[in-house]
$ cat input_1.csv   # CSV, C-alpha atoms
chain,number,residue,atom,x,y,z
A,1,MET,CA,16.2,30.2,-21.1
A,2,LEU,CA,15.3,28.2,-17.9
A,3,THR,CA,13.5,30.3,-15.3
A,4,GLU,CA,13.2,29.2,-11.7
A,5,GLN,CA,9.5,28.5,-12.4
A,6,SER,CA,10.2,26.3,-15.4
A,7,VAL,CA,12.7,24.3,-13.4
A,8,ILE,CA,10.1,23.7,-10.7
A,9,ILE,CA,7.5,22.6,-13.3
A,10,GLN,CA,10.0,20.2,-14.9
A,11,GLY,CA,10.8,18.8,-11.5
A,12,THR,CA,7.1,18.3,-10.7
A,13,LYS,CA,6.6,16.6,-14.1
A,14,ARG,CA,9.5,14.3,-13.5
A,15,SER,CA,8.2,13.4,-10.0
A,16,GLN,CA,4.7,12.7,-11.4
A,17,GLN,CA,6.2,10.6,-14.2
A,18,LYS,CA,8.2,8.6,-11.7
A,19,ALA,CA,5.1,8.0,-9.5
A,20,ALA,CA,3.1,6.9,-12.6
A,21,THR,CA,5.9,4.5,-13.7
A,22,ARG,CA,6.0,3.1,-10.2
A,23,GLU,CA,2.3,2.6,-10.2
A,24,THR,CA,2.4,0.8,-13.6
A,25,ILE,CA,5.2,-1.5,-12.2
A,26,LEU,CA,3.2,-2.4,-9.1
A,27,ARG,CA,0.1,-3.1,-11.1
A,28,SER,CA,1.9,-5.3,-13.6
A,29,ALA,CA,3.8,-7.2,-10.8
A,30,ARG,CA,0.6,-7.8,-8.9
A,31,SER,CA,-1.1,-9.1,-12.0
A,32,LEU,CA,1.8,-11.5,-12.8
A,33,TYR,CA,2.0,-12.7,-9.2
A,34,ALA,CA,-1.6,-13.6,-9.4
A,35,GLU,CA,-1.3,-15.3,-12.8
A,36,ARG,CA,2.0,-17.2,-12.4
A,37,GLY,CA,2.7,-17.2,-8.7
A,38,ILE,CA,5.2,-14.9,-6.8
A,39,ALA,CA,8.3,-17.1,-6.8
A,40,ALA,CA,7.8,-17.9,-10.5
A,41,THR,CA,7.6,-14.2,-11.6
A,42,ARG,CA,10.9,-12.8,-12.9
A,43,SER,CA,11.6,-9.1,-12.9
A,44,ALA,CA,12.2,-9.2,-16.7
A,45,ALA,CA,8.6,-10.4,-17.2
A,46,VAL,CA,7.3,-7.6,-15.0
A,47,ALA,CA,9.3,-5.0,-17.0
A,48,GLN,CA,7.9,-6.5,-20.3
A,49,ALA,CA,4.3,-6.5,-18.9
A,50,ALA,CA,4.8,-2.8,-17.8
A,51,GLY,CA,6.2,-1.8,-21.2
A,52,LEU,CA,9.5,-0.8,-19.7
A,53,ALA,CA,13.1,-1.5,-20.2
A,54,HIS,CA,14.5,-3.9,-17.5
A,55,GLY,CA,16.9,-1.2,-16.5
A,56,THR,CA,14.0,1.2,-15.7
A,57,LEU,CA,12.4,-1.4,-13.4
A,58,PHE,CA,15.8,-1.9,-11.8
A,59,LEU,CA,16.0,1.8,-11.0
A,60,HIS,CA,12.8,1.7,-9.1
A,61,PHE,CA,13.3,-1.7,-7.5
A,62,PRO,CA,16.9,-2.9,-7.5
A,63,ARG,CA,15.9,-6.3,-5.9
A,64,GLN,CA,12.8,-8.5,-6.6
A,65,GLU,CA,12.2,-8.6,-2.8
A,66,GLU,CA,11.8,-4.8,-2.8
A,67,LEU,CA,9.2,-5.0,-5.5
A,68,LEU,CA,7.2,-7.7,-3.7
A,69,VAL,CA,7.3,-5.7,-0.5
A,70,ALA,CA,6.1,-2.6,-2.3
A,71,VAL,CA,3.2,-4.5,-3.9
A,72,ILE,CA,2.2,-5.8,-0.4
A,73,GLU,CA,2.5,-2.4,1.1
A,74,ASP,CA,0.5,-0.8,-1.7
A,75,PHE,CA,-2.3,-3.3,-1.1
A,76,GLY,CA,-2.1,-2.7,2.7
A,77,GLU,CA,-2.3,1.1,2.4
A,78,GLY,CA,-5.5,0.8,0.3
A,79,LEU,CA,-7.0,-1.6,2.9
A,80,CYS,CA,-5.9,0.6,5.7
A,81,ARG,CA,-7.5,3.7,4.2
A,82,ARG,CA,-10.7,1.8,3.6
A,83,LEU,CA,-10.9,0.5,7.2
A,84,HIS,CA,-10.0,3.9,8.7
A,85,GLU,CA,-12.8,5.6,6.8
A,86,LEU,CA,-15.2,3.1,8.2
A,87,SER,CA,-13.9,3.2,11.8
A,88,ALA,CA,-14.2,6.9,11.7
A,89,GLY,CA,-17.9,6.4,11.1
A,90,GLY,CA,-18.1,3.8,13.9
A,91,ARG,CA,-20.1,1.4,11.8
A,92,GLY,CA,-19.2,-1.8,13.7
A,93,LEU,CA,-17.9,-5.2,13.1
A,94,ARG,CA,-20.0,-6.1,10.0
A,95,ALA,CA,-18.7,-3.0,8.2
A,96,CYS,CA,-15.1,-3.9,9.1
A,97,LEU,CA,-15.5,-7.5,7.7
A,98,GLU,CA,-17.2,-6.2,4.6
A,99,ALA,CA,-14.4,-3.6,4.0
A,100,HIS,CA,-11.8,-6.4,4.5
A,101,LEU,CA,-13.5,-8.6,1.9
A,102,ALA,CA,-13.9,-5.6,-0.5
A,103,GLY,CA,-10.2,-4.9,-0.2
A,104,LEU,CA,-9.3,-8.5,-0.8
A,105,ARG,CA,-11.6,-8.8,-3.8
A,106,GLU,CA,-9.7,-6.2,-5.6
A,107,VAL,CA,-6.5,-8.3,-5.4
A,108,GLU,CA,-7.9,-11.8,-4.8
A,109,GLY,CA,-5.5,-13.7,-7.1
A,110,PHE,CA,-2.4,-11.9,-5.7
A,111,TYR,CA,-3.5,-12.3,-2.1
A,112,ALA,CA,-4.2,-16.0,-2.6
A,113,ALA,CA,-0.7,-16.4,-4.1
A,114,LEU,CA,0.7,-14.5,-1.1
A,115,LEU,CA,-1.0,-16.9,1.3
A,116,THR,CA,0.0,-20.0,-0.5
A,117,GLU,CA,3.6,-19.0,-0.8
A,118,ALA,CA,4.0,-17.1,2.4
A,119,GLY,CA,6.2,-19.7,4.1
A,120,HIS,CA,8.8,-19.5,1.4
A,121,LEU,CA,8.9,-15.8,0.9
A,122,PRO,CA,11.7,-13.5,2.2
A,123,GLU,CA,11.2,-12.3,5.8
A,124,ALA,CA,10.7,-8.7,4.7
A,125,ALA,CA,7.6,-9.8,2.7
A,126,ARG,CA,6.3,-11.9,5.5
A,127,LEU,CA,6.6,-9.0,7.9
A,128,SER,CA,4.8,-6.7,5.4
A,129,LEU,CA,1.9,-9.2,5.3
A,130,LEU,CA,2.0,-9.3,9.1
A,131,MET,CA,1.8,-5.4,9.1
A,132,VAL,CA,-1.4,-5.6,7.0
A,133,GLN,CA,-2.9,-8.2,9.4
A,134,SER,CA,-2.0,-6.0,12.3
A,135,THR,CA,-3.8,-3.0,10.8
A,136,LEU,CA,-6.8,-5.2,10.2
A,137,SER,CA,-6.7,-6.7,13.7
A,138,TRP,CA,-6.6,-3.2,15.2
A,139,HIS,CA,-9.9,-2.3,13.4
A,140,ILE,CA,-11.6,-5.7,14.1
A,141,ALA,CA,-10.5,-5.5,17.8
A,142,ALA,CA,-11.9,-2.0,18.2
A,143,ALA,CA,-15.2,-2.8,16.5
A,144,ALA,CA,-15.5,-6.1,18.4
A,145,GLU,CA,-14.7,-4.6,21.8
A,146,ALA,CA,-17.3,-1.8,21.2
A,147,GLY,CA,-19.8,-4.6,20.3
A,148,MET,CA,-18.9,-6.4,23.6
A,149,GLU,CA,-19.5,-3.3,25.5
A,150,ALA,CA,-22.8,-2.8,23.8
A,151,GLY,CA,-23.8,-6.4,24.4
A,152,THR,CA,-24.0,-7.3,20.7
A,153,ILE,CA,-20.8,-9.4,20.6
A,154,ARG,CA,-20.1,-12.3,23.0
A,155,ARG,CA,-17.2,-11.6,25.3
A,156,GLN,CA,-14.1,-13.6,24.2
A,157,PRO,CA,-10.4,-13.2,23.7
A,158,VAL,CA,-9.8,-10.8,20.9
A,159,HIS,CA,-7.1,-12.9,19.2
A,160,LEU,CA,-9.4,-15.9,18.9
A,161,LEU,CA,-12.1,-13.7,17.5
A,162,PHE,CA,-9.7,-12.3,15.0
A,163,ASN,CA,-8.0,-15.6,14.1
A,164,THR,CA,-11.4,-17.3,13.6
A,165,TRP,CA,-12.2,-14.7,10.9
A,166,ILE,CA,-8.8,-14.8,9.3
A,167,GLY,CA,-8.8,-18.6,9.3
A,168,LEU,CA,-12.2,-18.8,7.6
A,169,VAL,CA,-11.3,-16.3,4.9
A,170,HIS,CA,-7.9,-17.7,4.3
A,171,HIS,CA,-9.2,-21.3,4.0
A,172,TYR,CA,-11.6,-20.2,1.2
A,173,LEU,CA,-8.9,-18.2,-0.5
A,174,ALA,CA,-6.3,-21.0,-0.3
A,175,ASN,CA,-8.8,-23.5,-1.8
A,176,ARG,CA,-10.7,-21.1,-4.1
A,177,GLU,CA,-10.7,-23.5,-7.0
A,178,LEU,CA,-12.7,-25.9,-4.9
A,179,PHE,CA,-15.2,-23.3,-3.7
A,180,ALA,CA,-15.6,-21.2,-6.8
A,181,PRO,CA,-13.8,-22.7,-9.9
A,182,GLY,CA,-12.9,-20.0,-12.4
A,183,ALA,CA,-14.6,-17.3,-10.4
A,184,LEU,CA,-13.7,-14.9,-7.5
A,185,VAL,CA,-14.4,-16.9,-4.4
A,186,LEU,CA,-15.0,-13.8,-2.2
A,187,GLU,CA,-17.4,-12.4,-4.7
A,188,ARG,CA,-19.4,-15.7,-4.7
A,189,ARG,CA,-19.1,-16.8,-1.0
A,190,GLY,CA,-18.1,-13.6,0.8
A,191,GLY,CA,-21.6,-12.7,2.0
A,192,GLU,CA,-22.1,-16.2,3.4
A,193,LEU,CA,-18.8,-16.0,5.3
A,194,VAL,CA,-19.8,-12.6,6.9
A,195,GLU,CA,-23.2,-13.9,8.0
A,196,HIS,CA,-21.8,-17.2,9.4
A,197,TYR,CA,-19.1,-15.4,11.3
A,198,LEU,CA,-21.4,-12.8,12.8
A,199,GLY,CA,-23.7,-15.6,13.8
A,200,LEU,CA,-20.8,-17.2,15.7
A,201,VAL,CA,-19.6,-14.2,17.6
A,202,SER,CA,-22.9,-12.3,18.2
A,203,THR,CA,-24.9,-12.7,21.4
A,204,GLY,CA,-28.2,-14.6,21.4
A,205,ASP,CA,-30.5,-13.6,18.5
A,206,ARG,CA,-29.0,-10.1,18.1
A,207,ILE,CA,-26.8,-10.3,15.1
A,208,GLU,CA,-24.3,-7.5,15.3
A,209,GLY,CA,-24.9,-4.8,12.7
A,210,GLY,CA,-27.8,-6.8,11.2
B,1,MET,CA,-4.1,13.8,4.8
B,2,LYS,CA,-1.4,13.3,7.4
B,3,LEU,CA,0.0,9.9,8.2
B,4,CYS,CA,1.3,9.4,11.8
B,5,VAL,CA,5.1,9.4,11.5
B,6,ALA,CA,5.3,6.9,14.4
B,7,CYS,CA,2.6,4.3,13.5
B,8,GLY,CA,1.4,5.2,10.0
B,9,MET,CA,-2.2,5.7,11.0
B,10,PRO,CA,-4.1,8.2,8.8
B,11,MET,CA,-5.0,11.3,10.8
B,12,GLU,CA,-8.1,13.3,9.8
B,13,GLY,CA,-10.3,14.3,12.7
B,14,ASP,CA,-9.3,16.3,15.7
B,15,GLY,CA,-9.6,13.1,17.8
B,16,ASP,CA,-6.8,11.5,15.8
B,17,PHE,CA,-4.3,14.1,17.1
B,18,PRO,CA,-2.8,14.3,20.6
B,19,LEU,CA,-4.9,16.7,22.7
B,20,GLY,CA,-6.6,17.6,19.4
B,21,ASP,CA,-3.4,19.5,18.3
B,22,ARG,CA,-3.4,19.2,14.5
B,23,SER,CA,0.1,20.6,14.2
B,24,LYS,CA,1.5,17.3,15.6
B,25,ASP,CA,2.9,14.7,13.2
B,26,TYR,CA,2.1,11.8,15.4
B,27,CYS,CA,-1.3,10.4,16.4
B,28,VAL,CA,-3.1,10.1,19.7
B,29,HIS,CA,-2.1,6.5,20.0
B,30,CYS,CA,1.6,7.4,19.9
B,31,ALA,CA,1.4,10.2,22.4
B,32,ARG,CA,1.8,10.2,26.2
B,33,PRO,CA,-1.0,11.6,28.3
B,34,ASP,CA,0.7,15.0,28.3
B,35,GLY,CA,0.7,15.1,24.4
B,36,SER,CA,4.4,14.4,23.9
B,37,MET,CA,5.5,11.6,21.6
B,38,GLN,CA,6.3,8.2,23.1
B,39,SER,CA,9.9,7.0,23.0
B,40,TYR,CA,11.0,4.1,20.8
B,41,GLU,CA,10.9,1.7,23.7
B,42,GLU,CA,7.5,2.8,24.9
B,43,LYS,CA,6.1,2.4,21.4
B,44,ALA,CA,7.8,-0.9,20.7
B,45,GLN,CA,6.4,-2.3,24.0
B,46,SER,CA,2.8,-1.1,23.4
B,47,LEU,CA,2.8,-2.2,19.7
B,48,ALA,CA,4.2,-5.7,20.6
B,49,ALA,CA,1.6,-6.0,23.4
B,50,PHE,CA,-1.1,-5.1,21.0
B,51,VAL,CA,0.1,-7.5,18.3
B,52,ALA,CA,0.2,-10.3,20.9
B,53,ARG,CA,-3.2,-9.5,22.3
B,54,SER,CA,-5.0,-9.0,19.0
B,55,GLN,CA,-3.4,-11.8,17.0
B,56,GLY,CA,-2.2,-14.2,19.7
B,57,LEU,CA,1.4,-14.2,18.5
B,58,ASP,CA,4.2,-15.5,20.7
B,59,PRO,CA,5.7,-12.5,22.7
B,60,GLY,CA,9.1,-12.7,21.0
B,61,GLN,CA,7.6,-12.8,17.6
B,62,ALA,CA,5.3,-10.0,18.5
B,63,ARG,CA,8.3,-7.8,19.5
B,64,LYS,CA,10.1,-8.7,16.3
B,65,ALA,CA,7.0,-7.8,14.3
B,66,ALA,CA,6.6,-4.5,16.2
B,67,GLU,CA,10.3,-3.5,15.5
B,68,ALA,CA,10.0,-4.4,11.9
B,69,MET,CA,6.8,-2.2,11.5
B,70,MET,CA,8.5,0.7,13.3
B,71,GLY,CA,11.6,0.4,11.2
B,72,ARG,CA,9.6,1.4,8.1
B,73,LEU,CA,8.1,4.5,9.7
B,74,PRO,CA,9.7,8.0,9.5
B,75,ALA,CA,10.0,8.6,13.2
B,76,TRP,CA,12.0,5.4,13.8
B,77,LYS,CA,14.0,4.7,10.7
B,78,ALA,CA,17.2,6.0,12.3
B,79,ALA,CA,16.3,4.8,15.8
B,80,ARG,CA,17.4,1.2,15.5

$ encode --input "input_1.csv" --output "structure tokens"
Amino acid sequence: MLTEQSVIIQGTKRSQQKAATRETILRSARSLYAERGIAATRSAAVAQAAGLAHGTLFLHFPRQEELLVAVIEDFGEGLCRRLHELSAGGRGLRACLEAHLAGLREVEGFYAALLTEAGHLPEAARLSLLMVQSTLSWHIAAAAEAGMEAGTIRRQPVHLLFNTWIGLVHHYLANRELFAPGALVLERRGGELVEHYLGLVSTGDRIEGG
Amino acid sequence: MKLCVACGMPMEGDGDFPLGDRSKDYCVHCARPDGSMQSYEEKAQSLAAFVARSQGLDPGQARKAAEAMMGRLPAWKAAR
């Protein structure tokens, strides 16, 4: 006989199972996007990689666009949490840049595919990427402005400071086979990028956070 | 951990809440000076201004991005 408690437990288990299945789908999709490219990845291949029936994937993500948006948002939420933890500690621009690279390193292949294909992706996906950039820009702007007040960062328009960093990182990612063939480019060159950038934006011989 | 219903920011410390009031579901950045929540238009304007200032986007594109971001957050899903 079903008691109220057993119904609640069953409901909780179903909810946990649903969340676990969603997580498996997101992980499988991210991996295939990195390996094959986003436009070339079909939902049937994602279902197969996740060990699910195509219909199960369809229940979670009725359209391919929704799956891509969910993968971008999942990455963005992780990066947002990482940056927020740092900003709460007020650890400065260097910490923000390093947290950004650490977040990208976890999904480097996927993110590089996202950059390469961004111009051809659905608007919802492009807006999701812009949301991630906006979160990042919020943290970088806050850290940079604190550095400007403290005299460690040269005064300059925040958007140019942000876009200089993004441009540098994206160039290395978009051409990662040239900079680090067969390896993770941010693992190999990330430290160099952070040092170079901080040297550009810092005042005099005081390297911010150094 | 709470996420702001109006901008999605994680809210942990007292300083993340309007006037330090942890019962609020929106963050200090989405509140007016008196602690009440900003309207849709107030938030859209401030978010668009921030996106334009921090990333250098064209003002029209910044407004579009702000509305898209807000459309995915609980406080504004039904507002558009």

$ closest_residue --input "input_1.csv" --among "A:Ile140, A:Leu121, A:Leu129, A:Leu160" --to "Glu73 (chain A)" --atoms "only C-alpha atoms"
A:Leu129

$ closest_residue --input "input_1.csv" --among "B:Glu67, B:Pro18, B:Gln55, B:Lys77" --to "Gln38 (chain B)" --atoms "only C-alpha atoms"
B:Pro18

$ atom_distance --input "input_1.csv" --atom1 "CA of Ala144 (chain A)" --atom2 "CA of Leu93 (chain A)"
5.9 Å

$ residues_around --input "input_1.csv" --residues "His170 (chain A)" --least-positions-apart "6" --cutoff "10 Å" --atoms "only C-alpha atoms" --output "list in words"
Tyr111, Ala112, Leu115, Thr116, Thr164 and Arg176 of chain A

$ interface_residues --input "input_1.csv" --of "chain B" --to "chain A" --cutoff "9 Å" --atoms "all atoms listed in the file" --output "VMD selection string"
chain B and resid 9 to 10 13 50 to 57 65 to 66 68 to 69
